[in-house]
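Engineer: I am sharing start-v6.txt, which consists of compact mmCIF, C-alpha atoms and all ligand atoms:
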```txt
# COMPACT_ATOMS: atom_id res chain seq x y z
CA MET A 1 162.82 258.92 48.44
CA THR A 2 161.40 261.99 50.23
CA CYS A 3 158.39 261.06 52.26
CA PRO A 4 155.44 262.66 50.41
CA ALA A 5 153.79 263.76 53.65
CA ASP A 6 156.94 265.72 54.58
CA GLN A 7 157.39 267.03 51.06
CA TRP A 8 153.83 268.33 51.08
CA GLY A 9 153.59 269.50 54.67
CA VAL A 10 150.80 267.09 55.59
CA ASP A 11 149.68 267.27 59.24
CA PRO A 12 152.37 265.60 61.43
CA GLY A 13 149.65 263.54 63.12
CA LYS A 14 149.01 261.58 59.92
CA PHE A 15 151.77 259.15 60.83
CA TRP A 16 150.64 256.44 58.41
CA MET A 17 151.62 258.68 55.49
CA ARG A 18 155.18 258.65 56.78
CA GLY A 19 155.33 254.89 56.54
CA THR A 20 154.83 254.43 60.30
CA PRO A 21 152.32 251.69 61.04
CA PRO A 22 149.82 252.30 63.86
CA GLN A 23 150.59 250.76 67.23
CA SER A 24 147.48 248.71 66.66
CA PRO A 25 144.80 248.70 63.91
CA VAL A 26 142.26 249.77 66.57
CA LEU A 27 143.36 252.20 69.24
CA LEU A 28 141.47 254.14 71.91
CA ASP A 29 142.66 257.73 72.30
CA GLU A 30 142.16 258.36 76.00
CA SER A 31 142.52 262.11 75.60
CA THR A 32 139.64 262.46 73.13
CA GLY A 33 137.60 259.40 74.07
CA VAL A 34 137.57 258.36 70.42
CA LEU A 35 138.30 254.84 69.22
CA ASN A 36 140.52 255.19 66.16
CA VAL A 37 140.25 252.52 63.51
CA TYR A 38 143.32 252.48 61.28
CA GLY A 39 143.24 248.97 59.79
CA HIS A 40 141.59 248.25 56.45
CA ALA A 41 139.93 245.01 57.60
CA GLU A 42 138.66 246.65 60.79
CA ALA A 43 137.43 249.76 58.94
CA THR A 44 135.60 247.54 56.47
CA GLN A 45 134.03 245.62 59.34
CA VAL A 46 132.72 248.80 60.97
CA LEU A 47 131.38 250.29 57.73
CA SER A 48 129.70 247.03 56.74
CA ASP A 49 127.75 246.72 59.98
CA PRO A 50 125.43 249.74 60.43
CA GLY A 51 123.43 247.79 63.03
CA THR A 52 126.40 247.72 65.43
CA TYR A 53 128.01 250.98 64.28
CA SER A 54 125.44 253.74 63.85
CA SER A 55 125.96 256.84 61.72
CA ASN A 56 123.85 258.81 64.17
CA ILE A 57 126.63 259.79 66.53
CA THR A 58 124.64 262.56 68.19
CA ARG A 59 122.64 259.87 70.02
CA ALA A 60 125.80 258.49 71.63
CA LEU A 61 126.94 262.00 72.49
CA GLY A 62 123.66 262.51 74.31
CA PHE A 63 122.11 265.41 72.45
CA GLU A 64 119.75 263.78 70.00
CA GLY A 65 117.00 266.09 68.81
CA GLU A 66 119.19 269.18 68.91
CA ASN A 67 120.77 268.68 65.53
CA PRO A 68 118.94 270.71 62.88
CA MET A 69 120.81 268.87 60.11
CA GLN A 70 119.53 265.43 61.09
CA GLU A 71 116.32 265.10 59.06
CA GLY A 72 117.04 263.97 55.52
CA ASN A 73 120.78 263.84 56.14
CA LEU A 74 121.69 260.43 54.74
CA LEU A 75 125.12 260.64 56.31
CA GLN A 76 123.71 260.60 59.83
CA MET A 77 120.97 258.05 59.30
CA ASP A 78 120.74 254.27 59.78
CA PRO A 79 118.69 251.57 58.06
CA PRO A 80 115.79 251.07 57.60
CA ARG A 81 115.04 254.81 57.33
CA HIS A 82 118.33 255.35 55.49
CA ARG A 83 117.44 252.74 52.87
CA LYS A 84 114.08 254.34 52.16
CA LEU A 85 115.46 257.85 51.86
CA ARG A 86 118.43 256.73 49.78
CA THR A 87 116.06 254.95 47.39
CA LEU A 88 114.02 258.14 47.18
CA VAL A 89 116.93 260.43 46.38
CA SER A 90 118.46 257.84 44.05
CA LYS A 91 115.33 258.22 41.94
CA ALA A 92 116.32 261.82 41.30
CA PHE A 93 120.10 261.34 41.27
CA THR A 94 120.30 258.49 38.74
CA PRO A 95 123.31 257.20 36.74
CA LYS A 96 121.64 258.68 33.65
CA VAL A 97 121.40 262.14 35.26
CA VAL A 98 125.16 261.90 35.94
CA ALA A 99 126.07 260.49 32.51
CA ASP A 100 124.10 263.27 30.81
CA LEU A 101 126.31 265.82 32.57
CA GLU A 102 129.45 264.76 30.70
CA PRO A 103 129.23 267.30 27.84
CA ARG A 104 128.47 270.13 30.24
CA ILE A 105 131.41 269.17 32.51
CA ALA A 106 133.70 269.15 29.45
CA GLU A 107 132.35 272.53 28.38
CA VAL A 108 132.81 274.16 31.80
CA THR A 109 136.33 272.67 32.06
CA GLY A 110 137.18 274.12 28.65
CA GLU A 111 135.85 277.55 29.63
CA LEU A 112 137.80 277.57 32.88
CA LEU A 113 141.05 276.43 31.22
CA ALA A 114 140.84 278.75 28.19
CA PRO A 115 142.14 281.98 29.78
CA LEU A 116 144.87 280.28 31.84
CA GLU A 117 148.57 280.59 31.09
CA GLY A 118 151.86 281.05 32.91
CA GLU A 119 151.52 280.65 36.67
CA PHE A 120 148.22 280.35 38.51
CA ASP A 121 146.44 278.77 41.45
CA LEU A 122 144.91 275.57 40.14
CA VAL A 123 142.40 275.38 43.01
CA ALA A 124 141.00 278.87 42.45
CA GLU A 125 140.94 278.55 38.66
CA LEU A 126 139.73 274.99 38.11
CA ALA A 127 139.52 272.55 41.03
CA HIS A 128 137.07 274.67 43.02
CA PRO A 129 134.85 276.32 40.37
CA LEU A 130 134.32 273.19 38.26
CA PRO A 131 132.53 270.97 40.81
CA VAL A 132 130.65 273.94 42.31
CA ILE A 133 129.29 275.06 38.97
CA VAL A 134 128.30 271.46 38.16
CA ILE A 135 126.55 270.76 41.47
CA ALA A 136 124.84 274.18 41.50
CA GLU A 137 123.49 273.68 37.99
CA LEU A 138 122.44 270.13 38.80
CA LEU A 139 120.56 271.22 41.92
CA GLY A 140 119.16 274.32 40.26
CA VAL A 141 120.73 277.08 42.38
CA PRO A 142 122.69 279.98 40.83
CA ALA A 143 126.34 279.02 40.23
CA ASP A 144 127.16 282.71 40.65
CA ASP A 145 126.53 282.30 44.38
CA ARG A 146 129.62 280.11 44.62
CA ALA A 147 131.67 282.53 46.73
CA GLN A 148 128.94 282.10 49.33
CA PHE A 149 129.03 278.28 48.99
CA ARG A 150 132.78 278.33 49.56
CA GLU A 151 132.36 280.43 52.69
CA TRP A 152 129.83 277.93 54.05
CA ALA A 153 131.97 274.93 53.10
CA ASP A 154 135.10 276.43 54.64
CA GLY A 155 133.22 277.38 57.78
CA LEU A 156 131.54 274.01 58.23
CA LEU A 157 134.06 271.48 57.04
CA THR A 158 137.51 272.78 57.65
CA THR A 159 137.90 273.09 61.39
CA ASP A 160 141.47 272.64 62.62
CA ALA A 161 140.70 270.87 65.86
CA GLU A 162 140.58 267.13 66.17
CA PHE A 163 137.20 265.78 67.23
CA ASN A 164 137.10 265.37 71.00
CA ALA A 165 134.19 263.34 72.35
CA ARG A 166 135.03 264.44 75.91
CA GLU A 167 134.84 268.14 75.19
CA ILE A 168 131.67 268.67 73.23
CA ASP A 169 130.28 272.12 73.91
CA VAL A 170 127.07 272.67 71.96
CA ASP A 171 127.04 276.28 73.15
CA SER A 172 130.61 277.31 72.24
CA ASP A 173 131.20 280.28 69.93
CA GLU A 174 132.38 277.84 67.25
CA ALA A 175 129.27 275.65 67.60
CA ASN A 176 127.00 278.72 67.48
CA ARG A 177 128.79 280.06 64.42
CA GLN A 178 128.36 276.72 62.68
CA MET A 179 124.68 276.56 63.63
CA ARG A 180 124.18 280.03 62.16
CA MET A 181 125.80 278.90 58.92
CA VAL A 182 123.64 275.77 58.75
CA ALA A 183 120.57 277.94 59.32
CA GLU A 184 121.65 280.38 56.60
CA MET A 185 122.24 277.59 54.13
CA GLY A 186 118.93 276.03 55.07
CA GLU A 187 117.07 279.27 54.43
CA TYR A 188 118.83 279.75 51.13
CA LEU A 189 117.93 276.25 49.91
CA LEU A 190 114.41 276.39 51.32
CA GLY A 191 113.82 279.57 49.33
CA HIS A 192 114.85 277.82 46.12
CA ALA A 193 112.82 274.69 46.95
CA ALA A 194 109.69 276.80 47.62
CA GLU A 195 110.20 278.55 44.32
CA ARG A 196 110.41 275.17 42.58
CA ARG A 197 107.18 274.05 44.20
CA ARG A 198 105.47 277.06 42.57
CA SER A 199 107.21 276.65 39.22
CA PRO A 200 108.89 273.27 38.63
CA ARG A 201 111.96 273.16 36.40
CA ARG A 202 114.26 270.52 35.03
CA ASP A 203 116.63 270.27 37.97
CA LEU A 204 117.42 268.06 40.94
CA LEU A 205 115.56 270.23 43.46
CA THR A 206 112.36 269.81 41.44
CA ASP A 207 113.00 266.06 41.08
CA LEU A 208 113.56 265.76 44.83
CA LEU A 209 110.24 267.52 45.47
CA GLN A 210 108.48 265.08 43.17
CA ALA A 211 110.30 261.80 43.98
CA GLU A 212 108.10 259.22 45.69
CA VAL A 213 108.65 255.82 47.36
CA ASP A 214 105.68 253.80 48.70
CA GLY A 215 103.50 256.89 48.42
CA GLU A 216 105.95 258.91 50.56
CA ARG A 217 107.55 262.17 49.47
CA LEU A 218 110.41 264.09 51.06
CA LYS A 219 109.46 266.75 53.58
CA ASP A 220 110.85 270.28 53.24
CA ASP A 221 113.49 269.91 55.96
CA GLU A 222 114.59 266.59 54.44
CA ILE A 223 115.00 268.20 51.03
CA VAL A 224 116.91 271.13 52.49
CA ASN A 225 119.29 268.93 54.50
CA PHE A 226 119.89 266.55 51.61
CA ALA A 227 120.55 269.48 49.29
CA THR A 228 122.93 270.92 51.91
CA VAL A 229 124.92 267.66 51.95
CA LEU A 230 125.00 267.62 48.15
CA LEU A 231 126.12 271.21 47.91
CA LEU A 232 128.90 270.74 50.48
CA ALA A 233 129.99 267.13 49.85
CA GLY A 234 129.41 267.64 46.15
CA HIS A 235 132.11 270.17 45.73
CA ILE A 236 134.71 270.35 48.46
CA THR A 237 135.79 266.72 48.10
CA THR A 238 135.99 266.86 44.31
CA THR A 239 138.00 270.09 44.58
CA LEU A 240 140.43 268.21 46.79
CA LEU A 241 140.50 265.20 44.46
CA VAL A 242 141.56 267.30 41.46
CA GLY A 243 144.27 269.16 43.44
CA ASN A 244 145.53 265.96 45.08
CA THR A 245 145.78 264.10 41.80
CA VAL A 246 147.82 266.90 40.24
CA LEU A 247 150.12 266.82 43.28
CA CYS A 248 150.51 263.04 43.14
CA LEU A 249 151.37 263.13 39.43
CA ASP A 250 153.75 266.02 40.01
CA ALA A 251 155.62 264.14 42.73
CA HIS A 252 155.87 260.99 40.59
CA PRO A 253 157.09 262.05 37.12
CA ASP A 254 157.30 258.46 35.83
CA GLN A 255 153.64 257.93 36.72
CA GLN A 256 152.68 261.24 35.14
CA ALA A 257 154.53 260.26 31.96
CA ALA A 258 152.63 256.95 31.88
CA VAL A 259 149.27 258.74 32.19
CA ARG A 260 150.21 261.35 29.61
CA ALA A 261 151.16 258.58 27.17
CA ASP A 262 148.06 256.49 27.83
CA ARG A 263 144.98 258.34 29.02
CA ALA A 264 143.20 255.03 29.54
CA LEU A 265 145.19 255.00 32.79
CA LEU A 266 143.42 258.11 34.09
CA PRO A 267 140.55 256.30 35.85
CA SER A 268 142.95 254.06 37.79
CA ALA A 269 145.24 257.06 38.47
CA ILE A 270 142.26 258.79 40.06
CA GLU A 271 141.48 255.72 42.18
CA GLU A 272 145.12 255.66 43.27
CA SER A 273 144.94 259.34 44.17
CA LEU A 274 141.83 258.63 46.28
CA ARG A 275 143.82 255.94 48.08
CA TYR A 276 147.06 257.87 48.42
CA LEU A 277 145.62 261.19 49.54
CA SER A 278 142.03 260.46 50.58
CA PRO A 279 140.01 263.72 50.56
CA PHE A 280 137.48 262.44 53.09
CA ALA A 281 140.01 261.06 55.57
CA VAL A 282 137.68 259.96 58.37
CA VAL A 283 134.04 259.01 58.95
CA TYR A 284 132.48 258.68 62.38
CA ARG A 285 130.27 255.99 63.86
CA ALA A 286 128.94 255.16 67.35
CA SER A 287 128.59 251.61 68.63
CA THR A 288 125.01 250.69 69.51
CA GLU A 289 126.01 247.82 71.81
CA ALA A 290 129.08 246.27 73.40
CA THR A 291 131.08 244.46 70.75
CA GLU A 292 134.57 243.44 69.69
CA LEU A 293 136.82 244.88 67.02
CA GLY A 294 140.33 243.79 66.04
CA GLY A 295 140.55 241.72 69.21
CA GLN A 296 139.55 244.64 71.44
CA GLN A 297 136.43 245.12 73.52
CA VAL A 298 134.27 248.04 72.39
CA PRO A 299 131.65 249.33 74.84
CA ALA A 300 128.20 250.58 73.76
CA ASP A 301 128.01 254.24 72.69
CA GLN A 302 131.68 254.33 71.77
CA ILE A 303 132.50 257.14 69.30
CA THR A 304 134.54 255.51 66.57
CA ALA A 305 136.67 257.35 64.01
CA VAL A 306 137.15 255.20 60.93
CA ARG A 307 140.35 256.66 59.49
CA LEU A 308 139.88 255.98 55.79
CA GLY A 309 143.17 257.70 54.95
CA ALA A 310 145.07 255.33 57.24
CA ALA A 311 143.16 252.21 56.14
CA ASN A 312 144.12 253.10 52.57
CA TRP A 313 147.79 252.83 53.59
CA ASP A 314 147.42 249.54 55.44
CA ALA A 315 150.35 247.35 54.39
CA ARG A 316 148.29 244.27 55.26
CA ARG A 317 145.95 245.18 52.38
CA PHE A 318 148.07 247.18 49.91
CA ALA A 319 151.45 246.03 48.64
CA ASP A 320 153.99 248.86 49.02
CA PRO A 321 151.42 251.44 50.20
CA MET A 322 153.88 254.33 49.98
CA ALA A 323 154.25 253.82 46.23
CA PHE A 324 151.91 255.89 44.05
CA ASP A 325 151.10 253.41 41.31
CA VAL A 326 148.62 254.48 38.62
CA ARG A 327 148.31 250.84 37.52
CA ARG A 328 147.43 249.49 40.99
CA ASP A 329 144.94 246.72 40.45
CA PRO A 330 142.97 245.72 42.42
CA ASN A 331 142.68 248.92 44.44
CA PRO A 332 140.11 248.30 47.17
CA HIS A 333 140.55 251.76 48.71
CA LEU A 334 137.94 253.14 51.08
CA GLY A 335 138.12 256.70 49.75
CA PHE A 336 134.39 256.68 48.95
CA GLY A 337 133.50 254.69 52.06
CA ARG A 338 131.97 251.21 52.04
CA GLY A 339 128.60 249.62 52.67
CA VAL A 340 125.21 251.31 52.79
CA HIS A 341 126.67 254.84 52.92
CA PHE A 342 129.01 254.33 49.96
CA CYS A 343 129.34 257.74 48.34
CA LEU A 344 126.27 258.55 46.29
CA GLY A 345 128.27 261.05 44.26
CA ALA A 346 131.15 258.69 43.36
CA PRO A 347 130.21 258.39 39.65
CA LEU A 348 129.98 262.19 39.39
CA ALA A 349 133.27 262.78 41.25
CA ARG A 350 135.05 260.19 39.10
CA MET A 351 133.75 261.75 35.91
CA GLU A 352 134.64 265.29 36.96
CA GLY A 353 138.11 264.17 38.01
CA ARG A 354 138.71 262.29 34.76
CA ILE A 355 137.58 265.14 32.50
CA ALA A 356 139.41 267.84 34.48
CA LEU A 357 142.69 265.91 34.52
CA ASP A 358 142.43 264.85 30.90
CA ARG A 359 141.91 268.43 29.67
CA LEU A 360 144.54 269.81 32.01
CA LEU A 361 147.19 267.38 30.75
CA ASP A 362 146.21 268.16 27.15
CA ARG A 363 146.39 271.86 27.66
CA PHE A 364 149.66 272.01 29.63
CA PRO A 365 152.43 269.62 28.52
CA ASN A 366 154.78 271.07 31.17
CA LEU A 367 152.49 271.40 34.17
CA SER A 368 154.33 271.43 37.51
CA ALA A 369 153.75 272.56 41.09
CA ASP A 370 155.56 275.83 41.77
CA PRO A 371 158.41 275.01 44.19
CA GLU A 372 158.68 278.65 45.26
CA ASN A 373 155.03 278.77 46.31
CA PRO A 374 154.40 275.39 47.93
CA PRO A 375 150.86 274.00 48.02
CA ARG A 376 148.84 275.01 51.07
CA PHE A 377 147.42 271.98 52.85
CA LEU A 378 144.24 272.26 54.88
CA ARG A 379 145.02 271.87 58.54
CA SER A 380 141.90 269.82 59.13
CA PHE A 381 142.38 266.30 60.39
CA ASP A 382 139.15 265.14 58.77
CA ILE A 383 139.90 266.02 55.18
CA SER A 384 143.12 265.84 53.19
CA GLY A 385 144.08 268.20 50.44
CA VAL A 386 145.08 271.68 49.42
CA ASP A 387 143.16 274.92 49.22
CA GLU A 388 145.91 276.57 47.19
CA LEU A 389 148.05 274.90 44.55
CA ARG A 390 150.24 277.26 42.56
CA VAL A 391 151.39 275.73 39.30
CA ARG A 392 153.74 276.66 36.44
CA THR A 393 152.87 275.72 32.88
C1 LIG A 401 129.01 259.76 51.18
C2 LIG A 401 133.61 260.62 49.91
C3 LIG A 401 132.09 263.30 46.16
C4 LIG A 401 127.58 263.00 47.84
C5 LIG A 401 130.38 259.73 51.12
C6 LIG A 401 131.22 258.93 51.99
C7 LIG A 401 132.51 259.19 51.64
C8 LIG A 401 132.48 260.13 50.54
C9 LIG A 401 133.76 258.61 52.29
C10 LIG A 401 130.75 257.95 53.08
C11 LIG A 401 130.44 258.64 54.38
C12 LIG A 401 130.11 257.67 55.49
O1 LIG A 401 130.24 256.45 55.35
O2 LIG A 401 129.74 258.15 56.58
C13 LIG A 401 133.58 261.41 48.78
C14 LIG A 401 134.76 261.79 48.03
C15 LIG A 401 134.32 262.53 46.95
C16 LIG A 401 132.88 262.63 47.05
C17 LIG A 401 136.19 261.41 48.38
C18 LIG A 401 135.10 263.17 45.83
C19 LIG A 401 136.28 262.80 45.46
C20 LIG A 401 130.74 263.43 46.26
C21 LIG A 401 129.89 264.13 45.32
C22 LIG A 401 128.62 264.06 45.83
C23 LIG A 401 128.66 263.29 47.05
C24 LIG A 401 130.37 264.80 44.03
C25 LIG A 401 127.33 264.60 45.29
C26 LIG A 401 127.13 265.20 44.20
C27 LIG A 401 127.59 262.10 48.88
C28 LIG A 401 126.40 261.72 49.63
C29 LIG A 401 126.81 260.79 50.59
C30 LIG A 401 128.25 260.61 50.41
C31 LIG A 401 124.98 262.24 49.40
C32 LIG A 401 125.93 260.11 51.64
C33 LIG A 401 125.51 258.75 51.18
C34 LIG A 401 124.77 257.97 52.25
O3 LIG A 401 124.95 258.27 53.44
O4 LIG A 401 124.00 257.07 51.89
N1 LIG A 401 131.18 260.43 50.24
N2 LIG A 401 132.48 261.94 48.17
N3 LIG A 401 129.96 262.93 47.28
N4 LIG A 401 128.68 261.41 49.38
FE1 LIG A 401 130.56 261.61 48.70
```
Mind turning this structure into structure tokens?
Ligand code: HEM
Structural biologist:
Amino acid sequence: MTCPADQWGVDPGKFWMRGTPPQSPVLLDESTGVLNVYGHAEATQVLSDPGTYSSNITRALGFEGENPMQEGNLLQMDPPRHRKLRTLVSKAFTPKVVADLEPRIAEVTGELLAPLEGEFDLVAELAHPLPVIVIAELLGVPADDRAQFREWADGLLTTDAEFNAREIDVDSDEANRQMRMVAEMGEYLLGHAAERRRSPRRDLLTDLLQAEVDGERLKDDEIVNFATVLLLAGHITTTLLVGNTVLCLDAHPDQQAAVRADRALLPSAIEESLRYLSPFAVVYRASTEATELGGQQVPADQITAVRLGAANWDARRFADPMAFDVRRDPNPHLGFGRGVHFCLGAPLARMEGRIALDRLLDRFPNLSADPENPPRFLRSFDISGVDELRVRT
């Protein structure tokens, strides 16, 4: 069998996808100063213990207070403040809000698929616009601004370089460019939030302005940063999920045939895709005190990269990890994280993925990746997936 990572041109550094186990489930990279966590048990331990492994890594890097995206950014926050804010935003982003989106997601999918025929780029035509339109409408910002959202997302999330804790330069051209983008996005969202304060509407921005826990409401910068995370995390990862699932099914015709014959397998096929090709391949933490992990000593303030993509291929946890099995059950993958930061958007991403794939398989009985125009994988080490996927129908 061709190794899927080679077949797809996945970054050579992602050794676990070539069936090579890590030297150790926990390994310090001396060159970057980052402790890499590859094992499933060890990753779970880190993610389940926010007291020992903080999500606020800027503190350990020594420049706390200089990060304009900190306030309201759930991803970089620890309990107890995290719990309070997550409760607050969960009041606006409820399971019912997500469930009510189903007809609209089906409608947008139908509209995007309708004009397609022959050969096309599945990312440009479906995988990218669908989640962006959905998250923009949910938040209450114009979906027509999506070219701008993509520019921000590409600029902020798809850097090629591997994170190096020894070479942080907060004044580099790259850092300044990113800061400018964050500021631009902030201004854009603040403008819409201010407008909603004057004239409330039925959208998530308005709900965020009005949500209250223990008499506390979100401040403007908290709303802006949370909305930024939603706008970025809310679309780029789902874009990757849809593209990755099509690629996985394409590379495994027997599994595709099974899903085509029985669509009840789609939800577990999507879970398997999240395991096999995890869009969000790494999350970072910093130890708050000296501790031990996988039999190794971990000093305080140690930057720790929890490699979700590798943990999801851990042979100690998953039988035959290189097999893409749409019936895998149980499938305790870490694609959406684990613990207090477990992805808030998971129900939305799962629903978008299910509807998009279901309609796509209906519409194109002979869908296949175009061998003459191979998929273009993002070079980023932090996220896995394609930004171009040419298909034949
Ligand atoms: C958190 C993955 C879609 C919003 C996370 C985390 C992961 C993740 C791994 C945990 C980060 C950590 O522990 O540091 C994914 C994947 C997605 C997806 C693979 C799609 C396939 C979405 C969507 C939304 C969203 C559609 C919003 C509409 C969030 C938010 C958090 C989060 C707000 C932070 C939660 C917290 O810190 O409490 N996501 N995500 N995600 N995700 Fe997602």
Engineer: Box for region 24-37 of chain A - axis-aligned, 5 Å on each of the six sides, all listed atoms - centre and size in Å to one decimal, as JSON.
Structural biologist:
```
{"center_x": 142.5, "center_y": 255.6, "center_z": 69.8, "size_x": 19.9, "size_y": 23.8, "size_z": 22.5}
```
Engineer: Atom O1 of ligand LIG 401 (chain A) and CA of Ala227 (chain A), how far apart in Å?
Structural biologist: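 So the two atoms, CA of Ala227 (chain A) and atom O1 of ligand LIG 401 (chain A), lie 17.3 Å apart.
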Engineer: Measuring atom to atom with only C-alpha atoms, identify which of A:Val46, A:Val282, A:Ile223, A:Ala310 is nearest to Pro22 (chain A).
Structural biologist: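 Of all the options, A:Ala310 lies closest to Pro22 (chain A).
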Engineer: Please identify all polymer residues within 12 Å of Ile303 (chain A), counting only C-alpha atoms, omitting same-chain residues fewer than 3 positions from it, and present them as a count of residues only.
Structural biologist: 37
Engineer: Using all atoms listed in the file, can you tell me which of A:Leu293, A:Ala5, A:Val242, A:Val259 comes closest to ligand LIG 401 (chain A)?
Structural biologist: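 Distance minimum relative to ligand LIG 401 (chain A) lands on A:Val242.
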Engineer: When you count all atoms listed in the file, which of these residues is closest to Thr238 (chain A): A:Gln255, A:Ser273, A:Thr2, A:Asn225?
Structural biologist: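 Among the listed residues, A:Ser273 lies closest to Thr238 (chain A).
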